[in-house]
$ cat data35.txt   # compact mmCIF, C-alpha atoms and all ligand atoms
# COMPACT_ATOMS: atom_id res chain seq x y z
CA MET A 256 127.55 68.03 26.36
CA ALA A 257 129.48 66.93 23.29
CA LYS A 258 133.18 66.27 23.84
CA ASP A 259 135.59 68.50 21.88
CA THR A 260 137.03 65.63 19.85
CA LEU A 261 135.96 62.11 19.05
CA ARG A 262 137.08 59.17 16.95
CA LEU A 263 135.86 59.21 13.37
CA ASP A 264 134.58 55.60 13.41
CA LYS A 265 132.56 56.31 16.58
CA ALA A 266 130.96 59.39 15.05
CA VAL A 267 130.17 57.55 11.81
CA CYS A 268 128.55 54.56 13.47
CA HIS A 269 126.41 56.75 15.76
CA ASN A 270 125.37 59.23 13.10
CA PHE A 271 124.58 56.75 10.39
CA ASP A 272 123.27 53.97 12.62
CA LEU A 273 125.96 51.43 11.68
CA THR A 274 127.91 48.86 13.66
CA ARG A 275 131.48 49.89 14.43
CA SER A 276 132.88 47.22 12.04
CA VAL A 277 130.74 48.41 9.09
CA ALA A 278 131.69 52.04 9.82
CA VAL A 279 135.41 51.09 9.84
CA LYS A 280 135.03 49.20 6.55
CA LEU A 281 133.29 52.10 4.77
CA ILE A 282 135.85 54.62 6.06
CA ARG A 283 138.73 52.40 4.83
CA GLN A 284 137.00 52.15 1.43
CA GLY A 285 137.33 55.95 1.12
CA LEU A 286 133.60 56.69 1.38
CA CYS A 287 133.93 59.13 4.28
CA GLU A 288 134.81 62.83 4.07
CA VAL A 289 135.64 65.15 6.96
CA GLU A 290 135.26 68.85 6.09
CA GLY A 291 135.28 67.89 2.41
CA GLU A 292 138.49 65.76 2.55
CA VAL A 293 138.45 61.97 2.14
CA VAL A 294 139.72 60.30 5.34
CA THR A 295 140.56 56.59 5.46
CA ASP A 296 141.87 56.34 9.03
CA PRO A 297 138.98 55.24 11.30
CA SER A 298 140.88 56.19 14.47
CA LEU A 299 141.39 59.82 13.40
CA LYS A 300 140.32 62.26 16.12
CA ILE A 301 137.93 64.84 14.68
CA ALA A 302 136.34 67.98 16.15
CA SER A 303 132.87 67.32 17.52
CA ASN A 304 131.40 70.03 15.28
CA ALA A 305 133.21 68.78 12.14
CA ALA A 306 131.07 68.19 9.06
CA ILE A 307 131.28 64.55 8.08
CA SER A 308 129.70 62.82 5.14
CA LEU A 309 129.32 59.20 4.26
CA ASP A 310 128.77 58.30 0.63
CA GLY A 311 127.54 61.88 0.05
CA CYS A 312 125.18 62.01 3.06
CA GLN A 313 126.12 64.90 5.38
CA MET A 314 125.89 65.39 9.16
CA SER A 315 127.87 67.25 11.83
CA ALA A 316 129.96 64.86 13.94
CA ASP A 317 128.14 65.42 17.23
CA GLU A 318 124.63 65.40 15.76
CA GLY A 319 124.29 61.67 16.30
CA PHE A 320 125.02 62.04 20.03
CA LYS A 321 122.44 64.70 20.78
CA LYS A 322 119.48 63.32 22.68
CA GLN A 323 116.11 63.98 21.12
CA ILE A 324 113.00 64.64 23.16
CA TYR A 325 109.64 65.50 21.65
CA MET A 326 106.22 66.35 22.98
CA LEU A 327 103.40 64.72 20.99
CA ASN A 328 99.67 65.26 21.21
CA LYS A 329 98.89 61.55 20.93
CA PRO A 330 95.95 60.78 18.68
CA ASP A 331 93.28 58.17 19.47
CA GLY A 332 93.90 54.77 17.84
CA TYR A 333 97.71 54.71 18.15
CA VAL A 334 99.65 52.18 20.22
CA CYS A 335 102.67 53.03 22.42
CA ALA A 336 104.84 50.12 21.27
CA ASP A 337 107.80 49.67 18.93
CA ARG A 338 105.67 47.59 16.58
CA ASP A 339 102.15 46.22 16.38
CA ASN A 340 100.51 43.97 13.82
CA ASN A 341 97.05 45.45 14.05
CA ASN A 342 97.29 49.16 14.86
CA PRO A 343 99.45 52.14 13.91
CA VAL A 344 102.31 52.82 16.34
CA VAL A 345 103.19 56.23 17.77
CA ILE A 346 106.87 56.01 16.74
CA ASN A 347 105.97 55.98 13.03
CA ILE A 348 104.48 59.47 13.42
CA PHE A 349 108.15 60.57 13.75
CA SER A 350 109.38 58.94 10.54
CA ASP A 351 110.76 62.25 9.21
CA ILE A 352 113.10 62.58 12.24
CA PRO A 353 116.65 61.17 11.77
CA LYS A 354 117.10 57.90 13.66
CA PHE A 355 113.44 57.83 14.75
CA THR A 356 113.68 54.04 15.14
CA LYS A 357 115.89 54.62 18.20
CA MET A 358 113.19 56.65 19.92
CA HIS A 359 110.72 55.21 22.40
CA CYS A 360 107.57 56.40 24.12
CA VAL A 361 108.07 57.63 27.68
CA GLY A 362 105.61 55.32 29.42
CA ARG A 363 102.47 54.04 27.78
CA LEU A 364 99.12 55.59 27.10
CA ASP A 365 96.25 53.27 26.18
CA ILE A 366 95.28 53.08 22.52
CA ASP A 367 92.21 55.27 23.16
CA THR A 368 93.97 57.80 25.44
CA THR A 369 94.99 61.08 23.82
CA GLY A 370 97.19 63.99 24.87
CA LEU A 371 100.68 64.59 26.21
CA LEU A 372 103.17 61.88 25.33
CA LEU A 373 106.95 62.28 25.33
CA VAL A 374 109.06 60.41 22.81
CA THR A 375 112.83 60.22 23.23
CA ASP A 376 116.04 58.30 22.57
CA ASP A 377 117.30 59.27 26.06
CA GLY A 378 116.96 56.07 28.08
CA ASP A 379 118.00 57.65 31.40
CA LEU A 380 115.43 60.42 31.11
CA ASN A 381 112.80 57.88 30.10
CA HIS A 382 113.54 55.83 33.22
CA GLN A 383 113.43 58.86 35.53
CA ILE A 384 110.01 59.93 34.25
CA THR A 385 108.42 56.49 34.32
CA SER A 386 109.91 54.91 37.44
CA PRO A 387 107.51 55.27 40.42
CA LYS A 388 110.61 55.94 42.52
CA TYR A 389 110.92 59.49 41.18
CA LEU A 390 107.26 60.37 41.93
CA VAL A 391 106.75 62.28 38.68
CA THR A 392 103.12 63.40 38.59
CA LYS A 393 100.92 62.68 35.58
CA THR A 394 97.63 64.56 35.29
CA TYR A 395 94.70 63.38 33.17
CA LEU A 396 91.38 64.88 32.14
CA ALA A 397 88.82 62.12 32.52
CA THR A 398 85.24 62.11 31.28
CA THR A 399 83.08 59.54 33.02
CA LYS A 400 79.82 57.72 32.33
CA ASP A 401 78.22 58.59 35.67
CA LYS A 402 78.30 61.70 37.85
CA ILE A 403 81.47 62.02 39.90
CA SER A 404 80.76 62.15 43.63
CA GLU A 405 82.46 64.59 46.04
CA LYS A 406 83.00 61.54 48.26
CA ASP A 407 85.38 60.10 45.66
CA ILE A 408 87.92 62.86 46.43
CA ALA A 409 88.70 61.34 49.84
CA LEU A 410 88.66 57.78 48.49
CA PHE A 411 91.14 58.62 45.73
CA ALA A 412 93.31 60.47 48.28
CA LYS A 413 93.38 57.49 50.65
CA GLY A 414 94.49 54.98 48.02
CA LEU A 415 92.02 52.62 46.36
CA LYS A 416 92.20 48.83 45.96
CA HIS A 417 91.15 47.33 42.62
CA PRO A 418 90.15 43.63 42.58
CA GLU A 419 92.57 42.89 39.73
CA GLU A 420 95.54 44.53 41.47
CA LYS A 421 97.53 42.91 44.26
CA SER A 422 98.37 46.14 46.05
CA ARG A 423 96.46 49.35 46.74
CA TYR A 424 97.06 52.38 44.57
CA LYS A 425 99.03 55.21 46.08
CA GLU A 426 97.13 58.40 46.77
CA ALA A 427 95.63 60.14 43.73
CA LEU A 428 94.35 63.69 43.49
CA LEU A 429 90.80 64.04 42.16
CA GLU A 430 89.70 67.54 41.13
CA ILE A 431 86.09 67.66 39.97
CA VAL A 432 85.59 69.97 37.00
CA SER A 433 81.90 69.26 36.30
CA ASP A 434 79.38 66.44 36.87
CA ASN A 435 81.19 63.99 34.57
CA VAL A 436 84.64 65.54 34.15
CA ALA A 437 87.59 65.53 36.54
CA LEU A 438 91.33 65.99 36.64
CA VAL A 439 93.18 63.02 38.14
CA THR A 440 96.83 63.17 39.19
CA VAL A 441 98.83 60.01 39.89
CA THR A 442 102.51 59.15 40.32
CA GLU A 443 102.69 55.40 39.81
CA GLY A 444 101.71 54.97 36.16
CA ARG A 445 100.21 51.50 36.67
CA PHE A 446 98.33 49.61 33.94
CA HIS A 447 95.00 51.38 33.15
CA GLU A 448 95.46 53.25 36.42
CA VAL A 449 92.97 56.08 35.93
CA LYS A 450 90.34 53.82 34.39
CA ARG A 451 90.71 51.37 37.26
CA LEU A 452 90.55 54.08 39.91
CA PHE A 453 87.13 55.04 38.61
CA GLU A 454 86.10 51.37 38.43
CA CYS A 455 86.90 51.19 42.15
CA VAL A 456 84.18 53.80 42.78
CA ASP A 457 81.68 52.13 40.40
CA ASN A 458 82.15 54.61 37.61
CA GLU A 459 83.62 54.28 34.10
CA VAL A 460 86.02 56.46 32.10
CA ILE A 461 84.67 57.08 28.61
CA GLU A 462 87.34 59.56 27.48
CA LEU A 463 90.86 60.16 28.75
CA LYS A 464 93.41 62.79 27.83
CA ARG A 465 96.76 63.44 29.52
CA LEU A 466 97.33 67.15 30.10
CA TYR A 467 100.46 67.32 32.28
CA ILE A 468 103.65 65.47 33.15
CA GLY A 469 104.96 67.18 36.28
CA SER A 470 104.15 70.84 35.77
CA LEU A 471 104.70 70.62 32.02
CA CYS A 472 101.42 71.16 30.21
CA LEU A 473 100.49 69.81 26.79
CA ASP A 474 101.05 72.58 24.25
CA GLU A 475 97.45 73.13 23.20
CA THR A 476 98.58 74.62 19.88
CA LEU A 477 99.51 71.05 18.88
CA SER A 478 96.63 69.30 17.14
CA GLU A 479 96.30 65.55 17.66
CA GLY A 480 99.20 63.88 15.84
CA ASP A 481 101.41 67.02 15.93
CA TYR A 482 104.69 67.18 17.83
CA ARG A 483 107.54 69.54 18.64
CA PRO A 484 110.91 69.28 20.42
CA LEU A 485 110.93 70.24 24.10
CA GLU A 486 112.18 73.78 24.64
CA ASP A 487 114.76 75.07 27.12
CA GLY A 488 113.51 74.71 30.69
CA GLU A 489 110.78 72.22 29.84
CA ILE A 490 112.74 69.14 30.98
CA GLU A 491 113.07 70.68 34.48
CA LYS A 492 109.29 71.18 34.58
CA LEU A 493 108.77 67.41 34.21
CA PHE A 494 110.28 66.97 37.67
CA GLU A 495 108.30 69.73 39.39
CA PRO A 496 105.04 68.22 40.70
CA TYR A 497 101.68 69.39 39.38
CA LYS A 498 100.86 72.24 41.79
CA ALA A 499 97.53 71.06 43.19
CA TYR A 500 99.04 67.59 43.90
CA SER A 501 101.97 69.19 45.70
CA ASP A 502 99.58 71.37 47.77
CA ALA A 503 97.44 68.35 48.69
CA PHE A 504 100.06 65.71 49.43
CA LEU A 505 103.56 67.10 49.60
CA LYS A 506 103.44 70.41 51.53
CA LYS A 507 102.37 69.06 54.90
N1 LIG B 601 95.48 55.55 33.00
C1 LIG B 601 94.70 54.84 32.15
O1 LIG B 601 93.75 54.21 32.55
N2 LIG B 601 95.02 54.85 30.84
C2 LIG B 601 96.06 55.57 30.34
O2 LIG B 601 96.28 55.55 29.13
C3 LIG B 601 96.85 56.29 31.24
C4 LIG B 601 96.53 56.27 32.57
$ encode --input "data35.txt" --output "structure tokens"
Amino acid sequence: MAKDTLRLDKAVCHNFDLTRSVAVKLIRQGLCEVEGEVVTDPSLKIASNAAISLDGCQMSADEGFKKQIYMLNKPDGYVCADRDNNNPVVINIFSDIPKFTKMHCVGRLDIDTTGLLLVTDDGDLNHQITSPKYLVTKTYLATTKDKISEKDIALFAKGLKHPEEKSRYKEALLEIVSDNVALVTVTEGRFHEVKRLFECVDNEVIELKRLYIGSLCLDETLSEGDYRPLEDGEIEKLFEPYKAYSDAFLKK
């Protein structure tokens, strides 16, 4: 929630992505207007919904404090990193959003994984979704090279051990959709987790798409590369487990 009033220099540096000292300097130079009036006192308390402009560029005072959270249908070939020398990065898809450089991917999908990816400037929310401590479920649609065996369901549920990992994986839910397609739900979010789970049972993932985080489903009206802000109630859904996982492992 925005506070009712805030200091002008604080609002200016947040909204226009400046250090406090640069914001103070520009305000003192007479470049800042509040509700159309030039203000040169950086410590002035202004209403959080006041219209402020800096050198002609307009924004409401509390706009810079609002947290942004978007759902993206991640396209193949994009890297979840702030920068990369060889491949396009997901964050640049958001270049028309104000202050997009402050936004980060919520967890990482591999370069060739598509589907539901959240992008936000809310560090606390990011931590809660990615930390294994909060047990947020992530559900993937995996297509494999070889036929998926019914026996794998119990192996995934028990917790598999991959030769390149020191510790066993926590239980994972495997729901077979067809011979070579399954839904896999995990909570840890370890490096290449779904691909490695299938390696443990001598199979190979050839296509991977994330469909859910918690009970929030990828909006299938979004084509790859499209995004939209999360709507009311959708943040809560991130923390409700995917139903079949909850039925299998939590309601005992
Ligand atoms: N598991 C993987 O193997 N890759 C991803 O991108 C996400 C989960």
$ residues_near_ligand --input "data35.txt" --ligand "ligand LIG 601 (chain B)" --cutoff "8 Å" --atoms "all atoms listed in the file" --output "NGL selection string"
:A and (363-369 or 395 or 444-451 or 463-465)
$ closest_residue --input "data35.txt" --among "A:Gln323, A:Thr392, A:Thr274, A:Thr295" --to "Glu495 (chain A)" --atoms "all atoms listed in the file"
A:Thr392
$ atom_distance --input "data35.txt" --atom1 "CA of Val374 (chain A)" --atom2 "CA of Tyr325 (chain A)"
5.3 Å
$ residues_around --input "data35.txt" --residues "region 350-356 of chain A" --least-positions-apart "2" --cutoff "9 Å" --atoms "all atoms listed in the file" --output "PyMOL selection string"
chain A and resi 270-272+319+337+346-348+358-359+375-376
$ write_last_selection --input "data35.txt" --atoms "C-alpha atoms" --output "compact mmCIF listing (two decimals), in the coordinates of the input"
# COMPACT_ATOMS: atom_id res chain seq x y z
CA ASN A 270 125.37 59.23 13.10
CA PHE A 271 124.58 56.75 10.39
CA ASP A 272 123.27 53.97 12.62
CA GLY A 319 124.29 61.67 16.30
CA ASP A 337 107.80 49.67 18.93
CA ILE A 346 106.87 56.01 16.74
CA ASN A 347 105.97 55.98 13.03
CA ILE A 348 104.48 59.47 13.42
CA MET A 358 113.19 56.65 19.92
CA HIS A 359 110.72 55.21 22.40
CA THR A 375 112.83 60.22 23.23
CA ASP A 376 116.04 58.30 22.57
$ closest_residue --input "data35.txt" --among "A:Thr385, A:Ala409, A:Asp377, A:Thr398" --to "Ile461 (chain A)" --atoms "only C-alpha atoms"
A:Thr398
$ atom_distance --input "data35.txt" --atom1 "CA of Asp502 (chain A)" --atom2 "CA of Asp379 (chain A)"
28.2 Å
$ closest_residue --input "data35.txt" --among "A:Cys455, A:Ile384, A:Ile490, A:Val432" --to "Glu405 (chain A)" --atoms "all atoms listed in the file"
A:Val432
$ residues_around --input "data35.txt" --residues "Ile282 (chain A)" --least-positions-apart "6" --cutoff "10 Å" --atoms "only C-alpha atoms" --output "list in words"
Leu263, Asp264, Val267, Ser276, Glu288, Val293, Val294, Thr295, Asp296, Pro297, Ser298, Leu309 and Asp310 of chain A
$ closest_residue --input "data35.txt" --among "A:Lys400, A:Lys388, A:Lys329, A:Lys321" --to "Val344 (chain A)" --atoms "only C-alpha atoms"
A:Lys329
$ residues_around --input "data35.txt" --residues "His382 (chain A)" --least-positions-apart "4" --cutoff "9 Å" --atoms "all atoms listed in the file" --output "list in words"
Val361, Gly362, Asp377, Gly378 and Ser386 of chain A
$ residues_near_point --input "data35.txt" --point "(106.9, 70.9, 29.6)" --cutoff "7 Å" --atoms "all atoms listed in the file" --output "JSON, numbers by chain"
{"A": [470, 471, 472, 485, 489, 490, 492, 493]}
$ residues_near_point --input "data35.txt" --point "(89.1, 46.4, 46.1)" --cutoff "12 Å" --atoms "all atoms listed in the file" --output "list in words"
Leu410, Gly414, Leu415, Lys416, His417, Pro418, Glu419, Glu420, Lys421, Ser422, Arg423, Tyr424, Arg451, Leu452, Phe453, Glu454, Cys455, Val456 and Asp457 of chain A
$ write_last_selection --input "data35.txt" --atoms "C-alpha atoms" --output "CSV table (one decimal), in the coordinates of the input"
chain,number,residue,atom,x,y,z
A,410,LEU,CA,88.7,57.8,48.5
A,414,GLY,CA,94.5,55.0,48.0
A,415,LEU,CA,92.0,52.6,46.4
A,416,LYS,CA,92.2,48.8,46.0
A,417,HIS,CA,91.2,47.3,42.6
A,418,PRO,CA,90.2,43.6,42.6
A,419,GLU,CA,92.6,42.9,39.7
A,420,GLU,CA,95.5,44.5,41.5
A,421,LYS,CA,97.5,42.9,44.3
A,422,SER,CA,98.4,46.1,46.0
A,423,ARG,CA,96.5,49.4,46.7
A,424,TYR,CA,97.1,52.4,44.6
A,451,ARG,CA,90.7,51.4,37.3
A,452,LEU,CA,90.6,54.1,39.9
A,453,PHE,CA,87.1,55.0,38.6
A,454,GLU,CA,86.1,51.4,38.4
A,455,CYS,CA,86.9,51.2,42.2
A,456,VAL,CA,84.2,53.8,42.8
A,457,ASP,CA,81.7,52.1,40.4
$ closest_residue --input "data35.txt" --among "A:Leu438, A:Leu371, A:Ala302, A:Leu428" --to "Ala316 (chain A)" --atoms "only C-alpha atoms"
A:Ala302
$ axis_aligned_box --input "data35.txt" --around "region 350-357 of chain A" --padding-each-side "3 Å" --output "AutoDock Vina command-line options"
--center_x 113.2 --center_y 58.3 --center_z 13.7 --size_x 13.7 --size_y 14.5 --size_z 15.0
$ closest_residue --input "data35.txt" --among "A:Cys312, A:Leu273, A:Leu390, A:Ala266" --to "Leu286 (chain A)" --atoms "only C-alpha atoms"
A:Cys312
$ atom_distance --input "data35.txt" --atom1 "CA of Tyr497 (chain A)" --atom2 "CA of Glu430 (chain A)"
12.2 Å
$ build_atoms --input "data35.txt" --residues "region 358-369 of chain A" --atoms "all heavy atoms" --output "compact mmCIF listing (two decimals), in the coordinates of the input"
# COMPACT_ATOMS: atom_id res chain seq x y z
N MET A 358 113.98 55.93 18.92
CA MET A 358 113.19 56.65 19.92
C MET A 358 112.10 55.74 20.47
O MET A 358 111.60 54.84 19.79
CB MET A 358 112.58 57.89 19.29
CG MET A 358 113.64 58.81 18.69
SD MET A 358 113.15 60.51 18.65
CE MET A 358 111.68 60.45 17.70
N HIS A 359 111.75 56.00 21.73
CA HIS A 359 110.72 55.21 22.40
C HIS A 359 109.76 56.15 23.12
O HIS A 359 110.13 57.25 23.52
CB HIS A 359 111.35 54.26 23.44
CG HIS A 359 112.33 53.33 22.82
ND1 HIS A 359 111.95 52.21 22.11
CD2 HIS A 359 113.68 53.37 22.76
CE1 HIS A 359 113.02 51.60 21.65
NE2 HIS A 359 114.09 52.28 22.03
N CYS A 360 108.55 55.64 23.34
CA CYS A 360 107.57 56.40 24.12
C CYS A 360 108.03 56.43 25.57
O CYS A 360 108.56 55.44 26.07
CB CYS A 360 106.21 55.73 24.07
SG CYS A 360 105.54 55.63 22.42
N VAL A 361 107.79 57.53 26.24
CA VAL A 361 108.07 57.63 27.68
C VAL A 361 106.80 57.16 28.40
O VAL A 361 105.83 57.90 28.50
CB VAL A 361 108.45 59.08 28.05
CG1 VAL A 361 108.68 59.21 29.54
CG2 VAL A 361 109.69 59.51 27.27
N GLY A 362 106.81 55.92 28.83
CA GLY A 362 105.61 55.32 29.42
C GLY A 362 104.61 54.98 28.33
O GLY A 362 104.88 55.20 27.14
N ARG A 363 103.47 54.46 28.76
CA ARG A 363 102.47 54.04 27.78
C ARG A 363 101.13 54.68 28.05
O ARG A 363 100.69 54.73 29.19
CB ARG A 363 102.26 52.52 27.86
CG ARG A 363 103.42 51.79 27.25
CD ARG A 363 103.24 50.30 27.37
NE ARG A 363 104.39 49.69 26.72
CZ ARG A 363 104.34 48.65 25.92
NH1 ARG A 363 103.20 48.07 25.68
NH2 ARG A 363 105.42 48.18 25.36
N LEU A 364 100.52 55.18 27.01
CA LEU A 364 99.12 55.59 27.10
C LEU A 364 98.32 54.51 26.38
O LEU A 364 98.80 53.93 25.40
CB LEU A 364 98.91 56.95 26.43
CG LEU A 364 99.54 58.17 27.11
CD1 LEU A 364 99.26 59.44 26.32
CD2 LEU A 364 99.04 58.32 28.54
N ASP A 365 97.10 54.25 26.85
CA ASP A 365 96.25 53.27 26.18
C ASP A 365 95.97 53.72 24.75
O ASP A 365 96.03 54.91 24.44
CB ASP A 365 94.91 53.13 26.93
CG ASP A 365 95.11 52.60 28.33
OD1 ASP A 365 96.14 51.95 28.59
OD2 ASP A 365 94.21 52.85 29.17
N ILE A 366 95.56 52.77 23.94
CA ILE A 366 95.28 53.08 22.52
C ILE A 366 94.25 54.21 22.38
O ILE A 366 94.36 55.06 21.50
CB ILE A 366 94.85 51.80 21.76
CG1 ILE A 366 94.70 52.06 20.27
CG2 ILE A 366 93.61 51.16 22.33
CD1 ILE A 366 94.58 50.82 19.41
N ASP A 367 93.27 54.25 23.29
CA ASP A 367 92.21 55.27 23.16
C ASP A 367 92.47 56.51 24.02
O ASP A 367 91.63 57.40 24.11
CB ASP A 367 90.84 54.66 23.51
CG ASP A 367 90.82 54.03 24.90
OD1 ASP A 367 91.89 53.95 25.55
OD2 ASP A 367 89.74 53.62 25.35
N THR A 368 93.63 56.59 24.68
CA THR A 368 93.97 57.80 25.44
C THR A 368 94.70 58.78 24.51
O THR A 368 95.54 58.37 23.72
CB THR A 368 94.88 57.44 26.64
OG1 THR A 368 94.20 56.50 27.46
CG2 THR A 368 95.23 58.67 27.47
N THR A 369 94.35 60.06 24.65
CA THR A 369 94.99 61.08 23.82
C THR A 369 95.84 61.99 24.72
O THR A 369 95.88 61.83 25.93
CB THR A 369 93.93 61.94 23.09
OG1 THR A 369 93.11 62.56 24.09
CG2 THR A 369 93.06 61.10 22.18
